[in-house]
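Engineer: Got a structure for you, written out below as structure tokens; questions coming shortly.
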Amino acid sequence: MMTLSWENQTVIVEFVLRGFSSILQLNISLFIMFCIFYILTISGNILIVFLVLCNHALHTPMYFFLVNLSFLEVCYTSNIVPKMLLIIIADQKTISVVGCLAQFYFFGSLAATECLLLAVMSYDRYLAICQPLRYPILMTGSLCFRLAIGSWFCCFFLTAITMVLLCRQNFCGPNEIDHFFCDFAPLIHLSCMDTSLIETVAFATSSAVTLVPFFLITISYSCILIAILRIPSGTGRKKAFSTCSSHLTVVTVFYGTLIATYLVPSANSSQYLRKGFSLLYTILTPMFNPIIYSLRNRDIHEALKKCLSKKSDFLI
């Protein structure tokens, strides 16, 4: 363990990520499984981005935000999974303090950005269903761009506030983190300084980027539900609901796993459960998002068919 002396205390300069060390007999199986999940996540989300960018018919606000979400998922999983695979299969499970803080910063920023993007996408669906005639006028290209850029900038800026305070902390022994990535709570537990300020700031910023978007999503879907129920025909109601069912499914899964992860008891007995829920929103949710958005999406199906037909014509 690499340490430095600081006012008669042992200051940590690297951490040990324990990952899934308690089930070493499953390491090979976990490595293969998570590696497959990672490949599927990257390929699925990149495919969504490629199809939208290459098909002019998909150059709409909904798919513009979907491209942002897919690109985010690629960054999100790539920030965590490669290091996780390394600590599962390798004997060296250390990560420098700087590397750990960087991983936490990008994890926090990207997770918060996803919350805001999901809220923006719900607003887009609200305008499309509740104000269909004014939708092209209200949801302009410039507004889409500002909403997307604003989501990214706001979340990276707010997480940077926590990061500045976190970088001023000194970490004392032990240097083990019982997790497969650098999350906020394990890092704070290893600090040998007063953490009341940073915990208050982190709570305020995380609440702002999770609860406020969730509140906006709830309002949007309440209005959407009312508008759908007012449609006289069953076919019309089904068609209207199908335009937002994929997004609603993603929101439910994402927020469900977040709530389950951070509201479970912090006792040692719940650590396996915490890691399990963390796997859901760091690996499984990003992997299933492209499937959810494309499974019953005719536009994506048509774009994929065109792409495959062009490729087959080229080969012939």
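Residue names in the structure tokens use chain letters A, B, ... in the order shown, residue numbers from 1 in each chain, and ligand numbers from 1 in the order shown.
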List the spatial neighbours of Pro82 of chain A as a PDB file with N, CA and C atoms, in the first residue's frame - criterion: any atom at most 12 Å away, only C-alpha atoms, same-chain residues fewer than 6 positions off excluded.
Structural biologist:
ATOM      1  N   PHE A  31     -16.167 -12.288 -15.303  1.00  0.00           N
ATOM      2  CA  PHE A  31     -15.405 -11.554 -16.313  1.00  0.00           C
ATOM      3  C   PHE A  31     -16.002 -11.761 -17.702  1.00  0.00           C
ATOM      4  N   PHE A  34     -19.608 -10.025 -17.851  1.00  0.00           N
ATOM      5  CA  PHE A  34     -19.564  -8.568 -17.897  1.00  0.00           C
ATOM      6  C   PHE A  34     -18.898  -8.061 -19.179  1.00  0.00           C
ATOM      7  N   CYS A  35     -17.945  -8.828 -19.684  1.00  0.00           N
ATOM      8  CA  CYS A  35     -17.300  -8.461 -20.946  1.00  0.00           C
ATOM      9  C   CYS A  35     -18.303  -8.517 -22.098  1.00  0.00           C
ATOM     10  N   ILE A  36     -19.136  -9.548 -22.117  1.00  0.00           N
ATOM     11  CA  ILE A  36     -20.185  -9.669 -23.141  1.00  0.00           C
ATOM     12  C   ILE A  36     -21.184  -8.517 -23.008  1.00  0.00           C
ATOM     13  N   PHE A  37     -21.601  -8.232 -21.775  1.00  0.00           N
ATOM     14  CA  PHE A  37     -22.538  -7.133 -21.538  1.00  0.00           C
ATOM     15  C   PHE A  37     -21.953  -5.806 -22.029  1.00  0.00           C
ATOM     16  N   TYR A  38     -20.663  -5.600 -21.766  1.00  0.00           N
ATOM     17  CA  TYR A  38     -20.006  -4.344 -22.169  1.00  0.00           C
ATOM     18  C   TYR A  38     -19.969  -4.214 -23.684  1.00  0.00           C
ATOM     19  N   ILE A  39     -19.620  -5.298 -24.363  1.00  0.00           N
ATOM     20  CA  ILE A  39     -19.569  -5.280 -25.829  1.00  0.00           C
ATOM     21  C   ILE A  39     -20.951  -5.002 -26.413  1.00  0.00           C
ATOM     22  N   ILE A  42     -21.855  -1.205 -25.782  1.00  0.00           N
ATOM     23  CA  ILE A  42     -21.147  -0.301 -26.681  1.00  0.00           C
ATOM     24  C   ILE A  42     -21.671  -0.416 -28.108  1.00  0.00           C
ATOM     25  N   VAL A  74     -22.426   5.170 -23.645  1.00  0.00           N
ATOM     26  CA  VAL A  74     -21.110   4.656 -24.036  1.00  0.00           C
ATOM     27  C   VAL A  74     -20.034   5.192 -23.090  1.00  0.00           C
ATOM     28  N   CYS A  75     -20.077   6.493 -22.820  1.00  0.00           N
ATOM     29  CA  CYS A  75     -19.109   7.114 -21.905  1.00  0.00           C
ATOM     30  C   CYS A  75     -19.283   6.590 -20.482  1.00  0.00           C
ATOM     31  N   TYR A  76     -20.520   6.445 -20.084  1.00  0.00           N
ATOM     32  CA  TYR A  76     -20.872   6.027 -18.722  1.00  0.00           C
ATOM     33  C   TYR A  76     -20.307   4.651 -18.398  1.00  0.00           C
ATOM     34  N   ILE A  88     -11.407  -7.709 -11.639  1.00  0.00           N
ATOM     35  CA  ILE A  88     -11.962  -9.059 -11.517  1.00  0.00           C
ATOM     36  C   ILE A  88     -10.944 -10.105 -11.940  1.00  0.00           C
ATOM     37  N   ILE A  89     -10.228  -9.852 -13.023  1.00  0.00           N
ATOM     38  CA  ILE A  89      -9.375 -10.872 -13.614  1.00  0.00           C
ATOM     39  C   ILE A  89      -7.919 -10.765 -13.189  1.00  0.00           C
ATOM     40  N   ALA A  90      -7.486  -9.565 -12.721  1.00  0.00           N
ATOM     41  CA  ALA A  90      -6.074  -9.350 -12.387  1.00  0.00           C
ATOM     42  C   ALA A  90      -5.867  -9.388 -10.878  1.00  0.00           C
ATOM     43  N   GLN A 103     -12.650   8.978 -11.837  1.00  0.00           N
ATOM     44  CA  GLN A 103     -13.732   8.042 -12.141  1.00  0.00           C
ATOM     45  C   GLN A 103     -15.034   8.487 -11.471  1.00  0.00           C
ATOM     46  N   PHE A 180     -16.928  -2.019  -6.729  1.00  0.00           N
ATOM     47  CA  PHE A 180     -16.209  -2.262  -7.978  1.00  0.00           C
ATOM     48  C   PHE A 180     -15.924  -0.968  -8.739  1.00  0.00           C
ATOM     49  N   PHE A 181     -16.293   0.181  -8.155  1.00  0.00           N
ATOM     50  CA  PHE A 181     -15.900   1.475  -8.719  1.00  0.00           C
ATOM     51  C   PHE A 181     -15.883   2.499  -7.593  1.00  0.00           C
ATOM     52  N   THR A 282     -25.302   0.533 -13.821  1.00  0.00           N
ATOM     53  CA  THR A 282     -24.029   0.802 -14.486  1.00  0.00           C
ATOM     54  C   THR A 282     -23.781  -0.086 -15.700  1.00  0.00           C
ATOM     55  N   ILE A 283     -24.426  -1.258 -15.746  1.00  0.00           N
ATOM     56  CA  ILE A 283     -24.186  -2.199 -16.845  1.00  0.00           C
ATOM     57  C   ILE A 283     -25.474  -2.582 -17.567  1.00  0.00           C
TER      58      ILE A 283
END
Engineer: Which neighbours of Leu53 of chain A fall inside 12 Å, counting only C-alpha atoms, when residues of the same chain fewer than 3 positions from it are skipped, and could you give them as an NGL selection string?
Structural biologist: :A and (46-50 or 56-60 or 63-68 or 300 or 303 or 307)
Engineer: Go ahead and write the residues just picked, N, CA and C atoms, as a PDB file, in the first residue's frame.
Structural biologist:
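again25.pdb written:
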ATOM      1  N   ILE A  46     -23.792   2.550 -30.006  1.00  0.00           N
ATOM      2  CA  ILE A  46     -23.132   3.126 -31.189  1.00  0.00           C
ATOM      3  C   ILE A  46     -23.989   2.904 -32.426  1.00  0.00           C
ATOM      4  N   LEU A  47     -24.661   1.756 -32.500  1.00  0.00           N
ATOM      5  CA  LEU A  47     -25.552   1.479 -33.627  1.00  0.00           C
ATOM      6  C   LEU A  47     -26.693   2.503 -33.676  1.00  0.00           C
ATOM      7  N   ILE A  48     -27.266   2.820 -32.516  1.00  0.00           N
ATOM      8  CA  ILE A  48     -28.326   3.832 -32.462  1.00  0.00           C
ATOM      9  C   ILE A  48     -27.813   5.168 -32.983  1.00  0.00           C
ATOM     10  N   VAL A  49     -26.641   5.573 -32.519  1.00  0.00           N
ATOM     11  CA  VAL A  49     -26.053   6.848 -32.956  1.00  0.00           C
ATOM     12  C   VAL A  49     -25.823   6.833 -34.461  1.00  0.00           C
ATOM     13  N   PHE A  50     -25.270   5.742 -34.963  1.00  0.00           N
ATOM     14  CA  PHE A  50     -24.973   5.628 -36.396  1.00  0.00           C
ATOM     15  C   PHE A  50     -26.242   5.698 -37.239  1.00  0.00           C
ATOM     16  N   HIS A  56     -31.722  10.592 -42.654  1.00  0.00           N
ATOM     17  CA  HIS A  56     -32.298  11.936 -42.547  1.00  0.00           C
ATOM     18  C   HIS A  56     -33.695  11.912 -41.944  1.00  0.00           C
ATOM     19  N   ALA A  57     -34.427  10.819 -42.134  1.00  0.00           N
ATOM     20  CA  ALA A  57     -35.786  10.720 -41.582  1.00  0.00           C
ATOM     21  C   ALA A  57     -35.789  10.711 -40.061  1.00  0.00           C
ATOM     22  N   LEU A  58     -34.655  10.374 -39.461  1.00  0.00           N
ATOM     23  CA  LEU A  58     -34.552  10.326 -37.997  1.00  0.00           C
ATOM     24  C   LEU A  58     -33.988  11.615 -37.406  1.00  0.00           C
ATOM     25  N   HIS A  59     -33.819  12.638 -38.233  1.00  0.00           N
ATOM     26  CA  HIS A  59     -33.302  13.920 -37.732  1.00  0.00           C
ATOM     27  C   HIS A  59     -34.443  14.735 -37.127  1.00  0.00           C
ATOM     28  N   THR A  60     -34.969  14.234 -36.019  1.00  0.00           N
ATOM     29  CA  THR A  60     -36.064  14.874 -35.300  1.00  0.00           C
ATOM     30  C   THR A  60     -35.624  15.101 -33.855  1.00  0.00           C
ATOM     31  N   TYR A  63     -35.097  11.854 -31.656  1.00  0.00           N
ATOM     32  CA  TYR A  63     -33.907  11.059 -31.952  1.00  0.00           C
ATOM     33  C   TYR A  63     -32.624  11.839 -31.696  1.00  0.00           C
ATOM     34  N   PHE A  64     -32.704  13.154 -31.744  1.00  0.00           N
ATOM     35  CA  PHE A  64     -31.544  13.969 -31.355  1.00  0.00           C
ATOM     36  C   PHE A  64     -31.213  13.734 -29.883  1.00  0.00           C
ATOM     37  N   PHE A  65     -32.228  13.738 -29.042  1.00  0.00           N
ATOM     38  CA  PHE A  65     -32.008  13.473 -27.617  1.00  0.00           C
ATOM     39  C   PHE A  65     -31.614  12.018 -27.384  1.00  0.00           C
ATOM     40  N   LEU A  66     -32.130  11.109 -28.200  1.00  0.00           N
ATOM     41  CA  LEU A  66     -31.760   9.705 -28.084  1.00  0.00           C
ATOM     42  C   LEU A  66     -30.284   9.496 -28.415  1.00  0.00           C
ATOM     43  N   VAL A  67     -29.769  10.233 -29.393  1.00  0.00           N
ATOM     44  CA  VAL A  67     -28.345  10.164 -29.726  1.00  0.00           C
ATOM     45  C   VAL A  67     -27.508  10.633 -28.541  1.00  0.00           C
ATOM     46  N   ASN A  68     -27.941  11.722 -27.911  1.00  0.00           N
ATOM     47  CA  ASN A  68     -27.239  12.213 -26.718  1.00  0.00           C
ATOM     48  C   ASN A  68     -27.231  11.154 -25.620  1.00  0.00           C
ATOM     49  N   ILE A 300     -36.658   3.068 -36.339  1.00  0.00           N
ATOM     50  CA  ILE A 300     -35.355   2.432 -36.181  1.00  0.00           C
ATOM     51  C   ILE A 300     -35.272   1.173 -37.037  1.00  0.00           C
ATOM     52  N   ALA A 303     -34.753   2.246 -40.628  1.00  0.00           N
ATOM     53  CA  ALA A 303     -33.391   2.749 -40.821  1.00  0.00           C
ATOM     54  C   ALA A 303     -32.390   1.609 -40.869  1.00  0.00           C
ATOM     55  N   CYS A 307     -30.033   0.463 -44.042  1.00  0.00           N
ATOM     56  CA  CYS A 307     -28.586   0.333 -43.866  1.00  0.00           C
ATOM     57  C   CYS A 307     -28.105  -1.037 -44.323  1.00  0.00           C
TER      58      CYS A 307
END
Engineer: Rounded to one decimal in Å, what is the spacing between atom CA of Glu114 of chain A and atom CA of Val212 of chain A?
Structural biologist: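 Interatomic distance, atom CA of Glu114 of chain A to atom CA of Val212 of chain A: 12.8 Å.
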Engineer: Got a sec to tell me which of segment 53-117 of chain A DSSP assigns to alpha helix (DSSP H), as number ranges by chain?
Structural biologist: A: 53-54, 61-89, 97-117
Engineer: Write the selection just made, keeping C-alpha atoms, as a PDB file, in the first residue's frame?
Structural biologist:
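File part.pdb, as written:
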ATOM      1  CA  LEU A  53     -26.890  10.278 -37.952  1.00  0.00           C
ATOM      2  CA  CYS A  54     -27.015   8.437 -41.284  1.00  0.00           C
ATOM      3  CA  PRO A  61     -35.936  16.214 -31.713  1.00  0.00           C
ATOM      4  CA  MET A  62     -36.773  12.818 -30.190  1.00  0.00           C
ATOM      5  CA  TYR A  63     -33.907  11.059 -31.952  1.00  0.00           C
ATOM      6  CA  PHE A  64     -31.544  13.969 -31.355  1.00  0.00           C
ATOM      7  CA  PHE A  65     -32.008  13.473 -27.617  1.00  0.00           C
ATOM      8  CA  LEU A  66     -31.760   9.705 -28.084  1.00  0.00           C
ATOM      9  CA  VAL A  67     -28.345  10.164 -29.726  1.00  0.00           C
ATOM     10  CA  ASN A  68     -27.239  12.213 -26.718  1.00  0.00           C
ATOM     11  CA  LEU A  69     -28.475   9.483 -24.384  1.00  0.00           C
ATOM     12  CA  SER A  70     -26.768   6.696 -26.355  1.00  0.00           C
ATOM     13  CA  PHE A  71     -23.478   8.607 -26.490  1.00  0.00           C
ATOM     14  CA  LEU A  72     -23.766   9.203 -22.748  1.00  0.00           C
ATOM     15  CA  GLU A  73     -24.292   5.478 -22.109  1.00  0.00           C
ATOM     16  CA  VAL A  74     -21.110   4.656 -24.036  1.00  0.00           C
ATOM     17  CA  CYS A  75     -19.109   7.114 -21.905  1.00  0.00           C
ATOM     18  CA  TYR A  76     -20.872   6.027 -18.722  1.00  0.00           C
ATOM     19  CA  THR A  77     -20.088   2.328 -19.037  1.00  0.00           C
ATOM     20  CA  SER A  78     -16.584   2.920 -20.427  1.00  0.00           C
ATOM     21  CA  ASN A  79     -15.776   4.938 -17.310  1.00  0.00           C
ATOM     22  CA  ILE A  80     -16.532   1.978 -15.008  1.00  0.00           C
ATOM     23  CA  VAL A  81     -16.592  -1.402 -16.771  1.00  0.00           C
ATOM     24  CA  PRO A  82     -13.016  -1.658 -18.172  1.00  0.00           C
ATOM     25  CA  LYS A  83     -11.512  -1.026 -14.723  1.00  0.00           C
ATOM     26  CA  MET A  84     -14.034  -3.399 -13.162  1.00  0.00           C
ATOM     27  CA  LEU A  85     -13.041  -6.141 -15.617  1.00  0.00           C
ATOM     28  CA  LEU A  86      -9.403  -5.533 -14.734  1.00  0.00           C
ATOM     29  CA  ILE A  87      -9.912  -5.889 -10.985  1.00  0.00           C
ATOM     30  CA  ILE A  88     -11.962  -9.059 -11.517  1.00  0.00           C
ATOM     31  CA  ILE A  89      -9.375 -10.872 -13.614  1.00  0.00           C
ATOM     32  CA  VAL A  97      -6.377   8.526  -5.693  1.00  0.00           C
ATOM     33  CA  VAL A  98      -6.334  10.778  -8.749  1.00  0.00           C
ATOM     34  CA  GLY A  99      -7.740   8.005 -10.942  1.00  0.00           C
ATOM     35  CA  CYS A 100     -10.402   7.197  -8.364  1.00  0.00           C
ATOM     36  CA  LEU A 101     -11.481  10.838  -8.066  1.00  0.00           C
ATOM     37  CA  ALA A 102     -11.575  11.159 -11.861  1.00  0.00           C
ATOM     38  CA  GLN A 103     -13.732   8.042 -12.141  1.00  0.00           C
ATOM     39  CA  PHE A 104     -16.138   9.391  -9.521  1.00  0.00           C
ATOM     40  CA  TYR A 105     -16.324  12.780 -11.263  1.00  0.00           C
ATOM     41  CA  PHE A 106     -17.266  11.338 -14.631  1.00  0.00           C
ATOM     42  CA  PHE A 107     -19.614   8.800 -13.024  1.00  0.00           C
ATOM     43  CA  GLY A 108     -21.444  11.513 -11.065  1.00  0.00           C
ATOM     44  CA  SER A 109     -21.540  13.949 -13.987  1.00  0.00           C
ATOM     45  CA  LEU A 110     -22.806  11.401 -16.507  1.00  0.00           C
ATOM     46  CA  ALA A 111     -25.401   9.918 -14.137  1.00  0.00           C
ATOM     47  CA  ALA A 112     -26.721  13.421 -13.404  1.00  0.00           C
ATOM     48  CA  THR A 113     -26.731  14.296 -17.111  1.00  0.00           C
ATOM     49  CA  GLU A 114     -28.826  11.200 -17.801  1.00  0.00           C
ATOM     50  CA  CYS A 115     -31.406  12.408 -15.261  1.00  0.00           C
ATOM     51  CA  LEU A 116     -31.669  15.779 -17.008  1.00  0.00           C
ATOM     52  CA  LEU A 117     -31.764  14.250 -20.489  1.00  0.00           C
TER      53      LEU A 117
END
Engineer: To one decimal in Å, tell me the separation between atom CA of Leu138 of chain A and atom CA of Ala240 of chain A.
Structural biologist: 18.9 Å
Engineer: Do you have the atom CA of Pro286 of chain A-atom CA of Leu166 of chain A distance handy?
Structural biologist: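 Calculated distance between atom CA of Pro286 of chain A and atom CA of Leu166 of chain A is 27.4 Å.
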Engineer: I want to know what sits within 12 Å of Leu211 of chain A, based on only C-alpha atoms, with residues of the same chain fewer than 2 positions away left out; could you give that as a list in words?
Structural biologist: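 Contacts, in chain order: Ala112, Cys115, Leu116, Ala119, Phe203, Ala204, Thr205, Ser206, Ser207, Ala208, Val209, Pro213, Phe214, Phe215, Leu216, Ile217, Thr218, Tyr255, Leu258 and Ile259 of chain A.
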Engineer: Since we have the selection now, will you write its residues out, keeping all heavy atoms, as a short mmCIF file (atom, residue, chain, number, x, y, z; two decimals), in the first residue's frame?
Structural biologist:
data_model
loop_
_atom_site.label_atom_id
_atom_site.label_comp_id
_atom_site.auth_asym_id
_atom_site.auth_seq_id
_atom_site.Cartn_x
_atom_site.Cartn_y
_atom_site.Cartn_z
N ALA A 112 -25.87 12.24 -13.55
CA ALA A 112 -26.72 13.42 -13.40
C ALA A 112 -27.22 13.91 -14.76
O ALA A 112 -28.39 14.30 -14.90
CB ALA A 112 -25.94 14.53 -12.69
N CYS A 115 -30.16 11.98 -15.91
CA CYS A 115 -31.41 12.41 -15.26
C CYS A 115 -32.01 13.61 -15.99
O CYS A 115 -33.22 13.64 -16.27
CB CYS A 115 -31.14 12.77 -13.80
SG CYS A 115 -30.71 11.39 -12.73
N LEU A 116 -31.17 14.59 -16.32
CA LEU A 116 -31.67 15.78 -17.01
C LEU A 116 -32.12 15.47 -18.42
O LEU A 116 -33.14 15.99 -18.89
CB LEU A 116 -30.60 16.88 -17.02
CG LEU A 116 -30.78 17.97 -15.92
CD1 LEU A 116 -30.62 17.34 -14.55
CD2 LEU A 116 -29.78 19.10 -16.12
N ALA A 119 -35.46 13.96 -18.39
CA ALA A 119 -36.48 14.98 -18.15
C ALA A 119 -36.76 15.78 -19.42
O ALA A 119 -37.91 16.08 -19.75
CB ALA A 119 -36.03 15.92 -17.03
N PHE A 203 -25.19 16.35 -1.12
CA PHE A 203 -26.61 16.04 -0.97
C PHE A 203 -27.47 17.05 -1.72
O PHE A 203 -28.43 16.69 -2.41
CB PHE A 203 -26.99 16.02 0.50
CG PHE A 203 -28.46 15.77 0.75
CD1 PHE A 203 -28.99 14.49 0.66
CD2 PHE A 203 -29.31 16.83 1.05
CE1 PHE A 203 -30.34 14.26 0.87
CE2 PHE A 203 -30.66 16.61 1.26
CZ PHE A 203 -31.18 15.32 1.18
N ALA A 204 -27.11 18.33 -1.61
CA ALA A 204 -27.88 19.39 -2.27
C ALA A 204 -27.80 19.27 -3.79
O ALA A 204 -28.83 19.35 -4.49
CB ALA A 204 -27.38 20.76 -1.82
N THR A 205 -26.59 19.07 -4.32
CA THR A 205 -26.43 18.99 -5.77
C THR A 205 -27.05 17.72 -6.34
O THR A 205 -27.70 17.76 -7.39
CB THR A 205 -24.95 19.06 -6.15
OG1 THR A 205 -24.21 18.04 -5.44
CG2 THR A 205 -24.35 20.42 -5.82
N SER A 206 -26.86 16.59 -5.64
CA SER A 206 -27.44 15.33 -6.14
C SER A 206 -28.96 15.38 -6.08
O SER A 206 -29.63 14.84 -6.98
CB SER A 206 -26.91 14.15 -5.33
OG SER A 206 -27.25 14.27 -3.96
N SER A 207 -29.51 16.02 -5.06
CA SER A 207 -30.97 16.17 -4.98
C SER A 207 -31.48 17.03 -6.13
O SER A 207 -32.53 16.74 -6.72
CB SER A 207 -31.36 16.79 -3.64
OG SER A 207 -30.99 15.95 -2.56
N ALA A 208 -30.72 18.08 -6.45
CA ALA A 208 -31.14 19.00 -7.51
C ALA A 208 -31.18 18.30 -8.87
O ALA A 208 -32.10 18.53 -9.66
CB ALA A 208 -30.21 20.21 -7.57
N VAL A 209 -30.20 17.44 -9.14
CA VAL A 209 -30.11 16.82 -10.47
C VAL A 209 -30.86 15.49 -10.57
O VAL A 209 -30.91 14.91 -11.65
CB VAL A 209 -28.64 16.62 -10.88
CG1 VAL A 209 -27.92 17.95 -11.00
CG2 VAL A 209 -27.91 15.70 -9.90
N PRO A 213 -35.49 16.74 -11.87
CA PRO A 213 -35.88 16.08 -13.12
C PRO A 213 -36.99 15.06 -12.93
O PRO A 213 -37.90 14.96 -13.77
CB PRO A 213 -34.58 15.41 -13.60
CG PRO A 213 -33.50 16.21 -12.98
CD PRO A 213 -34.04 16.63 -11.65
N PHE A 214 -36.93 14.29 -11.84
CA PHE A 214 -37.98 13.30 -11.59
C PHE A 214 -39.34 13.97 -11.40
O PHE A 214 -40.37 13.48 -11.89
CB PHE A 214 -37.63 12.47 -10.35
CG PHE A 214 -38.61 11.38 -10.05
CD1 PHE A 214 -38.64 10.23 -10.83
CD2 PHE A 214 -39.51 11.49 -9.00
CE1 PHE A 214 -39.55 9.21 -10.57
CE2 PHE A 214 -40.42 10.49 -8.73
CZ PHE A 214 -40.44 9.34 -9.51
N PHE A 215 -39.35 15.10 -10.71
CA PHE A 215 -40.58 15.87 -10.52
C PHE A 215 -41.11 16.36 -11.86
O PHE A 215 -42.31 16.28 -12.14
CB PHE A 215 -40.29 17.05 -9.58
CG PHE A 215 -41.48 17.93 -9.33
CD1 PHE A 215 -42.57 17.47 -8.61
CD2 PHE A 215 -41.51 19.23 -9.83
CE1 PHE A 215 -43.67 18.29 -8.38
CE2 PHE A 215 -42.60 20.06 -9.60
CZ PHE A 215 -43.69 19.58 -8.87
N LEU A 216 -40.22 16.87 -12.72
CA LEU A 216 -40.63 17.34 -14.05
C LEU A 216 -41.15 16.20 -14.92
O LEU A 216 -42.12 16.37 -15.67
CB LEU A 216 -39.46 18.05 -14.73
CG LEU A 216 -38.96 19.33 -14.06
CD1 LEU A 216 -37.72 19.86 -14.76
CD2 LEU A 216 -40.04 20.40 -14.04
N ILE A 217 -40.50 15.04 -14.82
CA ILE A 217 -40.95 13.87 -15.58
C ILE A 217 -42.34 13.45 -15.12
O ILE A 217 -43.21 13.12 -15.94
CB ILE A 217 -39.95 12.70 -15.40
CG1 ILE A 217 -38.63 13.01 -16.11
CG2 ILE A 217 -40.53 11.40 -15.95
CD1 ILE A 217 -37.52 12.03 -15.79
N THR A 218 -42.56 13.48 -13.81
CA THR A 218 -43.87 13.11 -13.27
C THR A 218 -44.96 14.05 -13.76
O THR A 218 -46.06 13.61 -14.16
CB THR A 218 -43.83 13.13 -11.72
OG1 THR A 218 -42.80 12.26 -11.25
CG2 THR A 218 -45.17 12.69 -11.14
N TYR A 255 -34.56 5.15 -12.64
CA TYR A 255 -34.85 5.71 -11.32
C TYR A 255 -35.12 4.62 -10.30
O TYR A 255 -34.81 4.79 -9.11
CB TYR A 255 -36.01 6.69 -11.40
CG TYR A 255 -35.58 8.11 -11.69
CD1 TYR A 255 -35.62 8.63 -12.98
CD2 TYR A 255 -35.11 8.93 -10.67
CE1 TYR A 255 -35.22 9.92 -13.24
CE2 TYR A 255 -34.70 10.22 -10.92
CZ TYR A 255 -34.76 10.72 -12.21
OH TYR A 255 -34.34 12.00 -12.47
N LEU A 258 -31.73 3.41 -9.13
CA LEU A 258 -31.07 4.45 -8.33
C LEU A 258 -31.65 4.51 -6.93
O LEU A 258 -30.91 4.57 -5.93
CB LEU A 258 -31.21 5.81 -9.01
CG LEU A 258 -30.21 6.20 -10.09
CD1 LEU A 258 -30.48 7.61 -10.56
CD2 LEU A 258 -28.78 6.09 -9.58
N ILE A 259 -32.98 4.53 -6.84
CA ILE A 259 -33.64 4.61 -5.54
C ILE A 259 -33.32 3.38 -4.70
O ILE A 259 -33.01 3.47 -3.51
CB ILE A 259 -35.17 4.75 -5.72
CG1 ILE A 259 -35.49 6.12 -6.34
CG2 ILE A 259 -35.89 4.58 -4.39
CD1 ILE A 259 -36.94 6.28 -6.76
#
Engineer: If we count only C-alpha atoms and set the cut-off at 12 Å, which residues sit around Lys239 of chain A, ignoring sequence neighbours fewer than 4 positions away in its own chain? Please answer as a tab-separated table (two decimals) with N, CA and C atoms, in the first residue's frame.
Structural biologist:
chain	number	residue	atom	x	y	z
A	129	ILE	N	-47.38	15.12	-27.77
A	129	ILE	CA	-48.70	14.51	-27.55
A	129	ILE	C	-49.75	15.55	-27.14
A	228	ILE	N	-53.99	11.50	-23.24
A	228	ILE	CA	-54.27	10.22	-23.89
A	228	ILE	C	-55.67	9.72	-23.53
A	231	ILE	N	-58.45	11.06	-25.67
A	231	ILE	CA	-58.57	10.63	-27.07
A	231	ILE	C	-59.74	9.64	-27.18
A	233	SER	N	-60.81	7.41	-29.55
A	233	SER	CA	-60.64	6.07	-30.12
A	233	SER	C	-59.55	5.30	-29.39
A	234	GLY	N	-59.77	3.98	-29.28
A	234	GLY	CA	-58.77	3.12	-28.67
A	234	GLY	C	-57.49	3.06	-29.48
A	235	THR	N	-57.63	3.08	-30.80
A	235	THR	CA	-56.45	3.06	-31.67
A	235	THR	C	-55.60	4.31	-31.48
A	243	THR	N	-45.74	6.17	-28.51
A	243	THR	CA	-44.67	7.14	-28.78
A	243	THR	C	-43.84	7.47	-27.54
A	244	CYS	N	-44.39	7.17	-26.35
A	244	CYS	CA	-43.66	7.50	-25.13
A	244	CYS	C	-43.43	6.29	-24.22
A	245	SER	N	-43.91	5.11	-24.62
A	245	SER	CA	-43.78	3.93	-23.77
A	245	SER	C	-42.32	3.53	-23.56
A	296	ARG	N	-39.82	-1.85	-30.48
A	296	ARG	CA	-41.11	-1.61	-31.14
A	296	ARG	C	-41.10	-0.29	-31.90
A	297	ASN	N	-39.91	0.12	-32.34
A	297	ASN	CA	-39.77	1.40	-33.02
A	297	ASN	C	-39.64	1.16	-34.52
Engineer: When DSSP works through the backbone of this structure, what residues of segment 38-256 of chain A end up as strand (DSSP E or B), shown as a list of chain:residue names?
Structural biologist: A:Thr94, A:Ile95, A:Ser96, A:Phe171, A:Cys172, A:Glu176, A:Ile177, A:Ser191
